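What follows is a set of notes on a single structure, which appears directly below.
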Amino acid sequence: MSESSFQDDVMQELGDDKLQEIAGLIGTDADGARETVAHTVGAMTGGLQEKAEGGDDEVRQAFAEVAQPPLQGVATLGGGLGGLLGGGMMAGVLAKASKPVAEAVSKKTGIPAPTVSRVIEMVIPVVLAVFAKRAAANKGAPTAGAPAPGAAPAEGGGLGDLLGQILGGGKK
């Protein structure tokens, strides 16, 4: 995988049609939509990273779930990717973070928080898809200290490695 930023991957996954839809929602052009999405994704991933590094077990487990290989066979829910695209723990974590993210992005951009919340609703499935793609791309290269299936990431290098795999080495 190339060294593109997490935000770049989200933009690419969104595509021009969704960006135009977001632009219409917030009353701007495609560049304004890109800027709003960038602020939103940055606030989301930065907040998740801070919580995970701060010891928030739910966020740590959500990252561990994202890093798990897809389930196989009859037990599969949501068509694979560890159930991630069907919801999963990370979807819940992102949903919980949406109000503070909306308020932060609103303050930064001047867009009303309820409007930013609608943008977040459109962006969360895309963020989940990018998490899944990045985790899948890295599943062939296990990291030292990677968690056992269903376990939270270990303290120290394991969590840093996991965050680096999924978010590309930190906030951009």
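Chains: A, B, ... in order of the structure tokens. Residues: from 1 per chain. Ligands: from 1, in order shown.
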
Subject >> Shell around Asp16 (chain A) at 9 Å using only C-alpha atoms, local window under 5 positions removed, as a PyMOL selection string >> reply: chain A and resi 11+21+30

Print the selection's residues with N, CA, C and O atoms to a file, as a compact mmCIF listing (two decimals), in the first residue's frame.
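The new file again.txt reads:
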# COMPACT_ATOMS: atom_id res chain seq x y z
N MET A 11 -10.85 10.32 1.42
CA MET A 11 -11.29 11.14 0.28
C MET A 11 -11.47 10.29 -0.97
O MET A 11 -12.46 10.42 -1.69
N GLU A 21 -22.22 15.62 -2.81
CA GLU A 21 -23.38 15.55 -1.91
C GLU A 21 -23.09 16.29 -0.61
O GLU A 21 -23.94 17.04 -0.11
N ALA A 30 -16.69 21.69 -3.94
CA ALA A 30 -15.98 20.44 -3.65
C ALA A 30 -14.77 20.68 -2.75
O ALA A 30 -14.48 19.86 -1.86

**OP:** Write out as a VMD selection string the residues lying within 7 Å of Ala102 (chain A), counting only C-alpha atoms and excluding same-chain residues fewer than 6 positions away.
**Re:** chain A and resid 113 116 to 117

**OP:** Tell me, as a PyMOL selection string, which residues lie within 7 Å of Ala33 (chain A), counting only C-alpha atoms; anything in the same chain fewer than 3 positions away does not count.
**Re:** chain A and resi 19+22-23+28-30+36-37

Subject >> From A:Ala95, A:Ala104, A:Ala136, A:Leu25, residue lying nearest Ile124 (chain A) [only C-alpha atoms] >> reply: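 Closest to Ile124 (chain A) of all the choices is A:Ala95.
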
Original post:
CA of Val41 (chain A) and CA of Glu58 (chain A) are how many Å apart?
Top reply: 19.4 Å

**OP:** Using only C-alpha atoms, find the one residue out of A:Ala43, A:Phe6, A:Arg60, A:Leu128 that sits nearest to Lys107 (chain A).
**Re:**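 Among the listed residues, the smallest separation from Lys107 (chain A) belongs to A:Ala43.
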
Original post:
Pick the closest to Met90 (chain A) from A:Phe131, A:Arg118, A:Gln20, A:Lys108: which is it, counting only C-alpha atoms?
Top reply: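 For Met90 (chain A), the nearest of the given residues is A:Phe131.
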
**OP:** Tell me which protein, DNA and RNA residues are within 7 Å of Val10 (chain A), counting only C-alpha atoms, leaving out same-chain ones fewer than 5 positions away, and put them as an MDAnalysis selection string.
**Re:** chainID A and resid 126:127 130

Subject >> Atomic distance CA of Ala38 (chain A) - CA of Glu65 (chain A), expressed in Å with one decimal >> reply: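 Distance between the two atoms: 24.5 Å.
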
**OP:** Would you mind listing what lies within 7 Å of Val101 (chain A) as a PyMOL selection string, with only C-alpha atoms counted and same-chain residues fewer than 3 positions away left out?
**Re:** chain A and resi 40+43-44+97-98+104-105
